[in-house]
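For reference, the structure discussed in these notes is given below.
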Amino acid sequence: MNTTIMLFLVQDGITNGAIYALLGLALVLVFAVTRVILIPQGEFVTYGALTYASLAAGQMPGTAKLALALGIGAFAFDLFVARKALHGRLVVRSLITNIVLPAIVLALTIYFAAQKPPVAVCIALSLVIVAMIGLYLYRIAFQPLAHTSVLVLLIASVGVHLALQGLGLLFFGAEGQRGPAVLSGAFTAGALRFTGQSITVYAITIAFIVGLWLFFGLTLYGKALRATAVNRLGARLAGIRTTLSGQIAFLLASVIGALSGIMIVPITTLYYDSGFLIGLKGFVAAIIGGLVSYPLTAVAALVVGIVEAFSSFYASNYKEVIVFMLLIPVLLLRSLAAPAVEEEKD
Amino acid sequence: MSALLSVTDAHVAYGKVEAVRSVSLEVGANQIVTIVGANGAGKTTLLSAIMGILPLKGRVAFAGQDLARLDIEDRVAMGLGLVPEHRELFVTMNVEDNLELGAFRIERSRAKSSIERIYTLFPRLKERRKQLAGTLSGGEQQMLAMGRALMGEPKLLMLDEPSLGLAPIIVADIFRIVTELRAAGVSVLLVEQNAQAALKIADQAYVMELGEFVLSGKASDIAANERVAASYLGFQHEGASVI
């Protein structure tokens, strides 16, 4: 193999790895805060990507309607839980976040979809739609189960994943889509060619990681999220609602997923079910990071990306196999290091 | 004047096992009330249930309001604070962040001045403010746990075994601070195995055995009670058994 090919593969690996890093970080975040292993993370990717591609192609994405439907569900849950102590402020707040907001976004989507909106509008709408879906899903599927075991949460997570994938098929059809590049143009440095899109991927990944770092390190809500992850009871005793932390975690995860999708869809054709495999690779990185370490997850994601690039060059049939095999030695090592597995109790 | 905290006929059970049976208690404003009793008497269970961590049958009212439908976070916002036995600190975060989060429900501007007040109360915490909570000594962790709870501006602070496992000199410090809190207008409900120290600073006292209150009254009277003295204070009277 010559160095040019090697450089190409590394470059390709880093671009993919950057996306996996974002997804891996989201998985670690959601798990640390809510103990949910977020299998539907991949659906956030496809929903973001295909909503963006549909809008850019002047089609109405079904996800906007789904957001409103889920919002109505979330509103119903809020009312049911508060049924014995209903007061006006609570109802109005729930009504605004769960029904008025998605209704406005749906109206905007219908309006813009008819006239092939500019890229920026497509991105903004896609992000907001998927963010709302993530938020309402937490309210409907996970918040009521917040006190159950990791296993129950995992089962719910698989259920949500299957449901979203099925709805994805309904909304976007079985055919793949591609979206317009966020940034067109390219330049070459030596043998390597950098496209505007890959630069966008690097820039957004770095910006997001720095942003998350600042959010967790400096803001009160970021610290509250970390506190919930470190000690749930301690956080509650400080007056931090675990549901609030869960909402923020899901909001971040869905935005990260959608953003990743929007960044990939100009590079690769995405299908309604492509997200699962992409999410799984982020999951591999998150597992290598032990579902706790953010820096380790980010580094592991780059390794996953590079291994994937090389294996698709040498043994493309086995590319997924090789990537997922990375997990086996890591799990072995981890199980040797920590022989006793304890279920966390609240 | 009505009590700040009043618990009436409380039962707390783990499954079918009742750990607390028919307990009633009152804490007034500016009062230190202590619950003394042997290990396993149900003291921690009772505090957890008052805080809303465990389900409680019976009535708990705080500042005149029934707490039945309120969860932990709402009780915190109302001014009820708990420093649990295991402290439940954010061990991977530094002292200052732990304190800042204690004031999560408090206005930002007030939280800033609260931190300074906590630092005057616990100068050790100021020295260690950039240190991770998990690397503090046991006594410092206890101070941090109390500091974090105080950041939430509680009207009533419940302390669960604050002296457990700490050096005598630090214990004395913590009990001194508890009396300072009373002077500053914070009521304290103190659960202690170190009955002698607790009864010395408390106004009212309850003695708990096997999930029930067997004695209650003024702390000084309880301290003078022969049975209590024999069981919990380490004074041997003739014929009395020492638990």
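Naming scheme: A, B, ... for chains in displayed order of the structure tokens; residues 1 onward per chain; ligands 1 onward as shown.
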Considering only C-alpha atoms, give me a table of residues in chain B that are at most 6 Å from chain A, with the closest atom pair and distance in Å for each, as CSV.
residue,atom,partner,partner_atom,distance
B:Glu73,CA,A:Gly239,CA,4.3
B:Val76,CA,A:Gly239,CA,5.5
B:Glu88,CA,A:Gly234,CA,4.7
B:Leu89,CA,A:Gly234,CA,5.9
B:Phe90,CA,A:Val230,CA,5.8
B:Gly102,CA,A:Ala238,CA,4.8
Grab the residues selected above and save them as a compact mmCIF listing (two decimals), in the first residue's frame with C-alpha atoms.
# COMPACT_ATOMS: atom_id res chain seq x y z
CA GLU B 73 -37.21 18.31 44.86
CA VAL B 76 -36.08 20.95 49.02
CA GLU B 88 -24.23 11.62 48.53
CA LEU B 89 -21.74 14.21 47.30
CA PHE B 90 -20.82 14.77 43.67
CA GLY B 102 -26.77 23.04 46.48
Find the residues around Pro295 (chain A) up to 12 Å (only C-alpha atoms counted), leave out those fewer than 2 positions away in its own chain, and share them as a short mmCIF file (atom, residue, chain, number, x, y, z; two decimals) with N, CA and C atoms, in the first residue's frame.
data_model
loop_
_atom_site.label_atom_id
_atom_site.label_comp_id
_atom_site.auth_asym_id
_atom_site.auth_seq_id
_atom_site.Cartn_x
_atom_site.Cartn_y
_atom_site.Cartn_z
N ALA A 21 -17.87 9.95 16.94
CA ALA A 21 -17.51 10.58 18.21
C ALA A 21 -18.70 11.34 18.77
N LEU A 22 -19.35 12.13 17.90
CA LEU A 22 -20.51 12.89 18.37
C LEU A 22 -21.59 11.95 18.91
N GLY A 24 -21.24 8.85 19.91
CA GLY A 24 -20.76 8.17 21.11
C GLY A 24 -20.91 9.06 22.33
N LEU A 25 -20.56 10.34 22.17
CA LEU A 25 -20.67 11.28 23.30
C LEU A 25 -22.12 11.41 23.74
N VAL A 28 -23.05 8.33 25.74
CA VAL A 28 -22.48 8.37 27.09
C VAL A 28 -23.28 9.34 27.96
N ILE A 209 -17.93 19.57 20.48
CA ILE A 209 -17.21 19.02 21.63
C ILE A 209 -16.78 20.14 22.57
N VAL A 210 -16.27 21.23 21.98
CA VAL A 210 -15.87 22.38 22.81
C VAL A 210 -17.11 22.96 23.52
N LEU A 212 -19.90 21.43 24.32
CA LEU A 212 -20.34 20.53 25.40
C LEU A 212 -19.45 20.68 26.61
N TRP A 213 -18.14 20.79 26.32
CA TRP A 213 -17.17 20.92 27.40
C TRP A 213 -17.44 22.19 28.21
N ALA A 285 -17.84 2.87 20.23
CA ALA A 285 -16.93 3.86 20.84
C ALA A 285 -17.33 4.13 22.29
N ALA A 286 -18.62 4.25 22.52
CA ALA A 286 -19.09 4.55 23.88
C ALA A 286 -18.76 3.40 24.83
N ILE A 288 -16.25 1.29 24.47
CA ILE A 288 -14.82 1.33 24.73
C ILE A 288 -14.53 2.38 25.80
N GLY A 289 -15.29 3.46 25.78
CA GLY A 289 -15.15 4.47 26.82
C GLY A 289 -15.87 4.07 28.11
N GLY A 290 -16.37 2.85 28.17
CA GLY A 290 -16.99 2.35 29.40
C GLY A 290 -18.32 3.02 29.70
N LEU A 291 -18.91 3.69 28.74
CA LEU A 291 -20.16 4.45 28.92
C LEU A 291 -20.02 5.55 29.98
N VAL A 292 -18.79 5.88 30.33
CA VAL A 292 -18.61 6.97 31.29
C VAL A 292 -17.62 8.03 30.80
N SER A 293 -16.59 7.61 30.07
CA SER A 293 -15.52 8.55 29.75
C SER A 293 -15.75 9.25 28.41
N THR A 297 -14.16 7.98 24.76
CA THR A 297 -15.16 7.71 23.72
C THR A 297 -14.79 8.42 22.43
N ALA A 298 -14.39 9.68 22.54
CA ALA A 298 -14.05 10.45 21.34
C ALA A 298 -12.86 9.82 20.63
N VAL A 299 -11.83 9.43 21.38
CA VAL A 299 -10.65 8.81 20.77
C VAL A 299 -11.04 7.47 20.16
N ALA A 300 -11.82 6.68 20.91
CA ALA A 300 -12.24 5.37 20.41
C ALA A 300 -13.03 5.51 19.12
N ALA A 301 -13.85 6.58 19.02
CA ALA A 301 -14.65 6.79 17.83
C ALA A 301 -13.76 7.01 16.61
N LEU A 302 -12.68 7.77 16.80
CA LEU A 302 -11.75 7.99 15.69
C LEU A 302 -11.11 6.66 15.28
#
Step one, run DSSP on the backbone; step two, keep only residues of region 5-224 of chain A assigned to alpha helix (DSSP H); then write them as a PyMOL selection string.
chain A and resi 5-34+41-56+63-81+88-95+101-113+119-137+150-172+196-218+220-224
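Each of A:Ala309, A:Gly222, A:Leu108, A:Leu192 was compared to Thr4 (chain A) using only C-alpha atoms, and A:Leu192 turns out to be the nearest.
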Against region 112-129 of chain A, which residues of region 145-247 of chain A fall within 9 Å? For each one I want the closest pair of atoms and the distance in Å (one decimal), counting only C-alpha atoms, rows by chain and increasing residue number, as CSV.
residue,atom,partner,partner_atom,distance
A:Pro180,CA,A:Val119,CA,7.6
A:Ala181,CA,A:Val119,CA,8.5
A:Val182,CA,A:Val119,CA,6.9
Selection export as a PDB file, in the first residue's frame, atoms kept: C-alpha atoms:
ATOM      1  CA  PRO A 180     -27.294  19.074  -0.657  1.00  0.00           C
ATOM      2  CA  ALA A 181     -23.849  19.800   0.760  1.00  0.00           C
ATOM      3  CA  VAL A 182     -23.825  22.263   3.624  1.00  0.00           C
TER       4      VAL A 182
END
What does the distance from CA of Gln141 (chain B) to CA of Ser245 (chain A) come to in Å, to one decimal?
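Calculated distance between CA of Gln141 (chain B) and CA of Ser245 (chain A) is 24.7 Å.
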Ile50 (chain B) surroundings by only C-alpha atoms, 12 Å radius, close-in-sequence under 2 positions cut, as an mmCIF file with N, CA and C atoms, in the first residue's frame:
data_model
loop_
_atom_site.group_PDB
_atom_site.id
_atom_site.type_symbol
_atom_site.label_atom_id
_atom_site.label_comp_id
_atom_site.auth_asym_id
_atom_site.auth_seq_id
_atom_site.Cartn_x
_atom_site.Cartn_y
_atom_site.Cartn_z
ATOM 1 N N LEU B 5 -42.116 21.380 61.574
ATOM 2 C CA LEU B 5 -42.320 20.047 60.998
ATOM 3 C C LEU B 5 -43.166 19.259 61.969
ATOM 4 N N SER B 6 -44.236 18.662 61.463
ATOM 5 C CA SER B 6 -44.962 17.772 62.357
ATOM 6 C C SER B 6 -45.280 16.476 61.635
ATOM 7 N N VAL B 7 -44.889 15.386 62.276
ATOM 8 C CA VAL B 7 -45.109 14.058 61.729
ATOM 9 C C VAL B 7 -46.128 13.392 62.635
ATOM 10 N N THR B 8 -47.212 12.870 62.023
ATOM 11 C CA THR B 8 -48.249 12.260 62.839
ATOM 12 C C THR B 8 -48.469 10.810 62.414
ATOM 13 N N ALA B 10 -46.685 8.094 61.773
ATOM 14 C CA ALA B 10 -45.987 7.671 60.558
ATOM 15 C C ALA B 10 -45.595 6.203 60.617
ATOM 16 N N HIS B 11 -45.828 5.524 59.493
ATOM 17 C CA HIS B 11 -45.365 4.147 59.325
ATOM 18 C C HIS B 11 -44.515 4.090 58.063
ATOM 19 N N VAL B 12 -43.373 3.429 58.157
ATOM 20 C CA VAL B 12 -42.563 3.239 56.955
ATOM 21 C C VAL B 12 -42.214 1.759 56.882
ATOM 22 N N VAL B 20 -40.542 1.529 60.662
ATOM 23 C CA VAL B 20 -40.966 2.615 61.558
ATOM 24 C C VAL B 20 -42.454 2.425 61.825
ATOM 25 N N VAL B 23 -45.078 6.591 64.497
ATOM 26 C CA VAL B 23 -44.190 7.577 65.090
ATOM 27 C C VAL B 23 -44.765 8.969 64.889
ATOM 28 N N SER B 24 -44.773 9.760 65.933
ATOM 29 C CA SER B 24 -45.187 11.162 65.800
ATOM 30 C C SER B 24 -44.102 12.045 66.386
ATOM 31 N N LEU B 25 -43.858 13.152 65.701
ATOM 32 C CA LEU B 25 -42.790 14.021 66.186
ATOM 33 C C LEU B 25 -43.010 15.454 65.736
ATOM 34 N N GLU B 26 -42.454 16.381 66.491
ATOM 35 C CA GLU B 26 -42.586 17.782 66.121
ATOM 36 C C GLU B 26 -41.249 18.491 66.247
ATOM 37 N N LYS B 43 -34.015 5.092 62.590
ATOM 38 C CA LYS B 43 -33.840 6.552 62.553
ATOM 39 C C LYS B 43 -33.612 7.061 61.126
ATOM 40 N N THR B 44 -32.675 6.409 60.415
ATOM 41 C CA THR B 44 -32.379 6.820 59.047
ATOM 42 C C THR B 44 -33.594 6.639 58.156
ATOM 43 N N THR B 45 -34.307 5.531 58.367
ATOM 44 C CA THR B 45 -35.515 5.258 57.585
ATOM 45 C C THR B 45 -36.522 6.383 57.764
ATOM 46 N N LEU B 46 -36.692 6.836 59.006
ATOM 47 C CA LEU B 46 -37.648 7.892 59.283
ATOM 48 C C LEU B 46 -37.261 9.192 58.555
ATOM 49 N N LEU B 47 -35.981 9.558 58.647
ATOM 50 C CA LEU B 47 -35.542 10.784 57.971
ATOM 51 C C LEU B 47 -35.756 10.674 56.464
ATOM 52 N N SER B 48 -35.391 9.504 55.895
ATOM 53 C CA SER B 48 -35.557 9.328 54.446
ATOM 54 C C SER B 48 -37.020 9.481 54.059
ATOM 55 N N GLY B 52 -39.055 12.194 51.639
ATOM 56 C CA GLY B 52 -39.737 11.741 50.426
ATOM 57 C C GLY B 52 -38.957 10.698 49.643
ATOM 58 N N ILE B 53 -37.858 10.220 50.215
ATOM 59 C CA ILE B 53 -37.070 9.197 49.517
ATOM 60 C C ILE B 53 -37.762 7.842 49.637
ATOM 61 N N LEU B 54 -38.385 7.609 50.792
ATOM 62 C CA LEU B 54 -39.138 6.369 50.998
ATOM 63 C C LEU B 54 -40.607 6.722 51.184
ATOM 64 N N PRO B 55 -41.507 5.847 50.763
ATOM 65 C CA PRO B 55 -42.936 6.137 50.961
ATOM 66 C C PRO B 55 -43.318 6.024 52.432
ATOM 67 N N LEU B 56 -44.169 6.932 52.863
ATOM 68 C CA LEU B 56 -44.543 6.990 54.277
ATOM 69 C C LEU B 56 -46.059 6.975 54.402
ATOM 70 N N LYS B 57 -46.546 6.165 55.317
ATOM 71 C CA LYS B 57 -47.981 6.181 55.623
ATOM 72 C C LYS B 57 -48.161 7.022 56.870
ATOM 73 N N GLY B 58 -49.104 7.951 56.829
ATOM 74 C CA GLY B 58 -49.243 8.863 57.955
ATOM 75 C C GLY B 58 -49.225 10.276 57.400
ATOM 76 N N ARG B 59 -49.060 11.246 58.312
ATOM 77 C CA ARG B 59 -49.118 12.624 57.830
ATOM 78 C C ARG B 59 -47.832 13.353 58.169
ATOM 79 N N VAL B 60 -47.271 14.012 57.173
ATOM 80 C CA VAL B 60 -46.107 14.858 57.403
ATOM 81 C C VAL B 60 -46.463 16.243 56.918
ATOM 82 N N ALA B 61 -46.350 17.216 57.804
ATOM 83 C CA ALA B 61 -46.625 18.588 57.392
ATOM 84 C C ALA B 61 -45.389 19.432 57.669
ATOM 85 N N PHE B 62 -45.069 20.304 56.732
ATOM 86 C CA PHE B 62 -43.924 21.183 56.882
ATOM 87 C C PHE B 62 -44.391 22.602 56.630
ATOM 88 N N ASP B 66 -49.155 20.042 53.868
ATOM 89 C CA ASP B 66 -49.050 18.590 53.805
ATOM 90 C C ASP B 66 -48.068 18.212 52.683
ATOM 91 N N LEU B 67 -47.134 17.318 53.008
ATOM 92 C CA LEU B 67 -46.093 16.990 52.022
ATOM 93 C C LEU B 67 -46.455 15.792 51.153
ATOM 94 N N ALA B 68 -47.616 15.172 51.408
ATOM 95 C CA ALA B 68 -47.916 13.874 50.786
ATOM 96 C C ALA B 68 -47.650 13.839 49.281
ATOM 97 N N LEU B 70 -45.826 15.874 47.442
ATOM 98 C CA LEU B 70 -44.630 16.565 46.959
ATOM 99 C C LEU B 70 -43.457 15.604 46.895
ATOM 100 N N ASP B 71 -42.679 15.699 45.826
ATOM 101 C CA ASP B 71 -41.510 14.828 45.757
ATOM 102 C C ASP B 71 -40.298 15.533 46.368
ATOM 103 N N ILE B 72 -39.175 14.820 46.360
ATOM 104 C CA ILE B 72 -37.986 15.306 47.064
ATOM 105 C C ILE B 72 -37.654 16.749 46.670
ATOM 106 N N ARG B 75 -39.829 19.374 48.151
ATOM 107 C CA ARG B 75 -39.582 19.554 49.588
ATOM 108 C C ARG B 75 -38.324 20.399 49.794
ATOM 109 N N VAL B 76 -37.309 20.148 48.947
ATOM 110 C CA VAL B 76 -36.085 20.955 49.021
ATOM 111 C C VAL B 76 -36.434 22.423 48.778
ATOM 112 N N LEU B 80 -36.819 22.276 53.158
ATOM 113 C CA LEU B 80 -36.489 21.087 53.948
ATOM 114 C C LEU B 80 -35.183 20.534 53.375
ATOM 115 N N GLY B 81 -34.192 20.354 54.238
ATOM 116 C CA GLY B 81 -32.904 19.867 53.735
ATOM 117 C C GLY B 81 -32.500 18.599 54.461
ATOM 118 N N LEU B 82 -31.823 17.708 53.738
ATOM 119 C CA LEU B 82 -31.341 16.478 54.381
ATOM 120 C C LEU B 82 -29.867 16.288 54.042
ATOM 121 N N LEU B 156 -35.400 23.928 57.804
ATOM 122 C CA LEU B 156 -35.127 22.794 58.694
ATOM 123 C C LEU B 156 -34.082 21.903 58.031
ATOM 124 N N LEU B 157 -33.007 21.651 58.752
ATOM 125 C CA LEU B 157 -31.951 20.789 58.221
ATOM 126 C C LEU B 157 -31.985 19.471 58.994
ATOM 127 N N MET B 158 -32.084 18.382 58.272
ATOM 128 C CA MET B 158 -32.069 17.078 58.925
ATOM 129 C C MET B 158 -30.689 16.464 58.730
ATOM 130 N N LEU B 189 -33.010 18.799 62.797
ATOM 131 C CA LEU B 189 -33.450 17.495 63.286
ATOM 132 C C LEU B 189 -32.244 16.570 63.163
#
Contact residues around Val321 (chain A) with only C-alpha atoms at 12 Å, ignoring same-chain residues under 3 positions, as a PDB file with N, CA and C atoms, in the first residue's frame:
ATOM      1  N   LEU A 277     -26.994   1.178  12.083  1.00  0.00           N
ATOM      2  CA  LEU A 277     -25.585   0.770  12.020  1.00  0.00           C
ATOM      3  C   LEU A 277     -24.651   1.923  12.403  1.00  0.00           C
ATOM      4  N   LYS A 281     -22.046   2.091  15.696  1.00  0.00           N
ATOM      5  CA  LYS A 281     -20.607   2.362  15.719  1.00  0.00           C
ATOM      6  C   LYS A 281     -20.276   3.417  16.770  1.00  0.00           C
ATOM      7  N   VAL A 304     -12.441   3.698  15.651  1.00  0.00           N
ATOM      8  CA  VAL A 304     -13.482   2.939  14.944  1.00  0.00           C
ATOM      9  C   VAL A 304     -13.577   3.405  13.499  1.00  0.00           C
ATOM     10  N   VAL A 307     -10.411   2.198  11.574  1.00  0.00           N
ATOM     11  CA  VAL A 307     -10.468   0.738  11.365  1.00  0.00           C
ATOM     12  C   VAL A 307     -11.488   0.419  10.279  1.00  0.00           C
ATOM     13  N   GLU A 308     -12.614   1.119  10.337  1.00  0.00           N
ATOM     14  CA  GLU A 308     -13.650   0.880   9.345  1.00  0.00           C
ATOM     15  C   GLU A 308     -13.151   1.229   7.940  1.00  0.00           C
ATOM     16  N   SER A 311     -10.626  -1.426   6.855  1.00  0.00           N
ATOM     17  CA  SER A 311     -11.211  -2.741   6.582  1.00  0.00           C
ATOM     18  C   SER A 311     -12.111  -2.694   5.361  1.00  0.00           C
ATOM     19  N   SER A 312     -12.713  -1.536   5.068  1.00  0.00           N
ATOM     20  CA  SER A 312     -13.525  -1.501   3.854  1.00  0.00           C
ATOM     21  C   SER A 312     -12.626  -1.501   2.619  1.00  0.00           C
ATOM     22  N   ALA A 315     -11.021  -5.572   3.069  1.00  0.00           N
ATOM     23  CA  ALA A 315     -11.974  -6.676   3.141  1.00  0.00           C
ATOM     24  C   ALA A 315     -13.357  -6.086   3.295  1.00  0.00           C
ATOM     25  N   SER A 316     -13.839  -5.460   2.235  1.00  0.00           N
ATOM     26  CA  SER A 316     -15.040  -4.649   2.384  1.00  0.00           C
ATOM     27  C   SER A 316     -16.239  -5.479   2.824  1.00  0.00           C
ATOM     28  N   ASN A 317     -16.255  -6.783   2.479  1.00  0.00           N
ATOM     29  CA  ASN A 317     -17.378  -7.625   2.908  1.00  0.00           C
ATOM     30  C   ASN A 317     -17.427  -7.757   4.419  1.00  0.00           C
ATOM     31  N   TYR A 318     -16.261  -7.663   5.018  1.00  0.00           N
ATOM     32  CA  TYR A 318     -16.187  -7.921   6.456  1.00  0.00           C
ATOM     33  C   TYR A 318     -16.067  -6.643   7.281  1.00  0.00           C
ATOM     34  N   PHE A 324     -17.098  -4.342  14.646  1.00  0.00           N
ATOM     35  CA  PHE A 324     -17.763  -4.786  15.875  1.00  0.00           C
ATOM     36  C   PHE A 324     -16.914  -5.753  16.678  1.00  0.00           C
ATOM     37  N   MET A 325     -15.950  -6.416  15.954  1.00  0.00           N
ATOM     38  CA  MET A 325     -15.042  -7.302  16.697  1.00  0.00           C
ATOM     39  C   MET A 325     -14.143  -6.531  17.655  1.00  0.00           C
ATOM     40  N   LEU A 326     -13.989  -5.235  17.370  1.00  0.00           N
ATOM     41  CA  LEU A 326     -13.202  -4.400  18.291  1.00  0.00           C
ATOM     42  C   LEU A 326     -13.736  -4.496  19.716  1.00  0.00           C
ATOM     43  N   LEU A 327     -15.047  -4.731  19.799  1.00  0.00           N
ATOM     44  CA  LEU A 327     -15.689  -4.759  21.117  1.00  0.00           C
ATOM     45  C   LEU A 327     -15.210  -5.920  21.970  1.00  0.00           C
ATOM     46  N   ILE A 328     -14.927  -7.056  21.315  1.00  0.00           N
ATOM     47  CA  ILE A 328     -14.680  -8.281  22.095  1.00  0.00           C
ATOM     48  C   ILE A 328     -13.467  -8.145  23.028  1.00  0.00           C
TER      49      ILE A 328
END
Students should find that CA of Val188 (chain B) and CA of Ile118 (chain B) are spaced 16.6 Å
Could you list, as a list in words, every residue within 12 Å of Glu180 (chain B), counting only C-alpha atoms and ignoring same-chain residues fewer than 5 positions away?
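That gives Asn30, Gln31, Ile32, Thr120, Leu121, Phe122, Asp173, Ile174, Phe175, Gly185, Val186, Ser187, Val188 and Ile201 of chain B.
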Residues of the last selection are to be written out with N, CA and C atoms, as a PDB file, in the first residue's frame.
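Written output follows (part.pdb):
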ATOM      1  N   ASN B  30     -36.471  27.377  65.263  1.00  0.00           N
ATOM      2  CA  ASN B  30     -35.288  27.623  66.101  1.00  0.00           C
ATOM      3  C   ASN B  30     -35.056  26.550  67.160  1.00  0.00           C
ATOM      4  N   GLN B  31     -35.261  25.322  66.767  1.00  0.00           N
ATOM      5  CA  GLN B  31     -35.092  24.231  67.717  1.00  0.00           C
ATOM      6  C   GLN B  31     -34.101  23.203  67.182  1.00  0.00           C
ATOM      7  N   ILE B  32     -33.350  22.592  68.089  1.00  0.00           N
ATOM      8  CA  ILE B  32     -32.609  21.397  67.723  1.00  0.00           C
ATOM      9  C   ILE B  32     -33.333  20.230  68.372  1.00  0.00           C
ATOM     10  N   THR B 120     -17.312  30.963  55.555  1.00  0.00           N
ATOM     11  CA  THR B 120     -17.013  31.478  56.904  1.00  0.00           C
ATOM     12  C   THR B 120     -17.339  30.419  57.942  1.00  0.00           C
ATOM     13  N   LEU B 121     -18.421  29.677  57.688  1.00  0.00           N
ATOM     14  CA  LEU B 121     -18.819  28.630  58.621  1.00  0.00           C
ATOM     15  C   LEU B 121     -17.804  27.473  58.591  1.00  0.00           C
ATOM     16  N   PHE B 122     -17.353  27.131  57.405  1.00  0.00           N
ATOM     17  CA  PHE B 122     -16.394  26.022  57.240  1.00  0.00           C
ATOM     18  C   PHE B 122     -15.153  26.521  56.491  1.00  0.00           C
ATOM     19  N   ASP B 173     -16.480  20.169  66.369  1.00  0.00           N
ATOM     20  CA  ASP B 173     -16.642  21.273  65.434  1.00  0.00           C
ATOM     21  C   ASP B 173     -18.031  21.244  64.794  1.00  0.00           C
ATOM     22  N   ILE B 174     -18.431  20.048  64.381  1.00  0.00           N
ATOM     23  CA  ILE B 174     -19.717  19.917  63.701  1.00  0.00           C
ATOM     24  C   ILE B 174     -20.867  20.215  64.662  1.00  0.00           C
ATOM     25  N   PHE B 175     -20.763  19.748  65.898  1.00  0.00           N
ATOM     26  CA  PHE B 175     -21.820  20.045  66.872  1.00  0.00           C
ATOM     27  C   PHE B 175     -21.862  21.533  67.209  1.00  0.00           C
ATOM     28  N   GLY B 185     -31.255  30.773  63.002  1.00  0.00           N
ATOM     29  CA  GLY B 185     -32.658  30.614  62.616  1.00  0.00           C
ATOM     30  C   GLY B 185     -32.969  29.353  61.842  1.00  0.00           C
ATOM     31  N   VAL B 186     -32.024  28.419  61.782  1.00  0.00           N
ATOM     32  CA  VAL B 186     -32.299  27.158  61.093  1.00  0.00           C
ATOM     33  C   VAL B 186     -32.598  26.091  62.145  1.00  0.00           C
ATOM     34  N   SER B 187     -33.736  25.437  61.999  1.00  0.00           N
ATOM     35  CA  SER B 187     -34.027  24.329  62.912  1.00  0.00           C
ATOM     36  C   SER B 187     -33.261  23.097  62.454  1.00  0.00           C
ATOM     37  N   VAL B 188     -32.954  22.223  63.408  1.00  0.00           N
ATOM     38  CA  VAL B 188     -32.174  21.039  63.065  1.00  0.00           C
ATOM     39  C   VAL B 188     -32.844  19.800  63.652  1.00  0.00           C
ATOM     40  N   ILE B 201     -26.660  19.296  73.087  1.00  0.00           N
ATOM     41  CA  ILE B 201     -26.984  20.525  72.340  1.00  0.00           C
ATOM     42  C   ILE B 201     -28.467  20.630  71.998  1.00  0.00           C
TER      43      ILE B 201
END
Find the spatial neighbours of Pro84 (chain B), counting only C-alpha atoms, within a cut-off of 7 Å - ignore same-chain residues fewer than 3 positions away - and output them as a ChimeraX atom specification.
/B:87-88,159-160
Length of the CA of Leu190 (chain B) to CA of Ala172 (chain B) vector [Å]:
14.4 Å
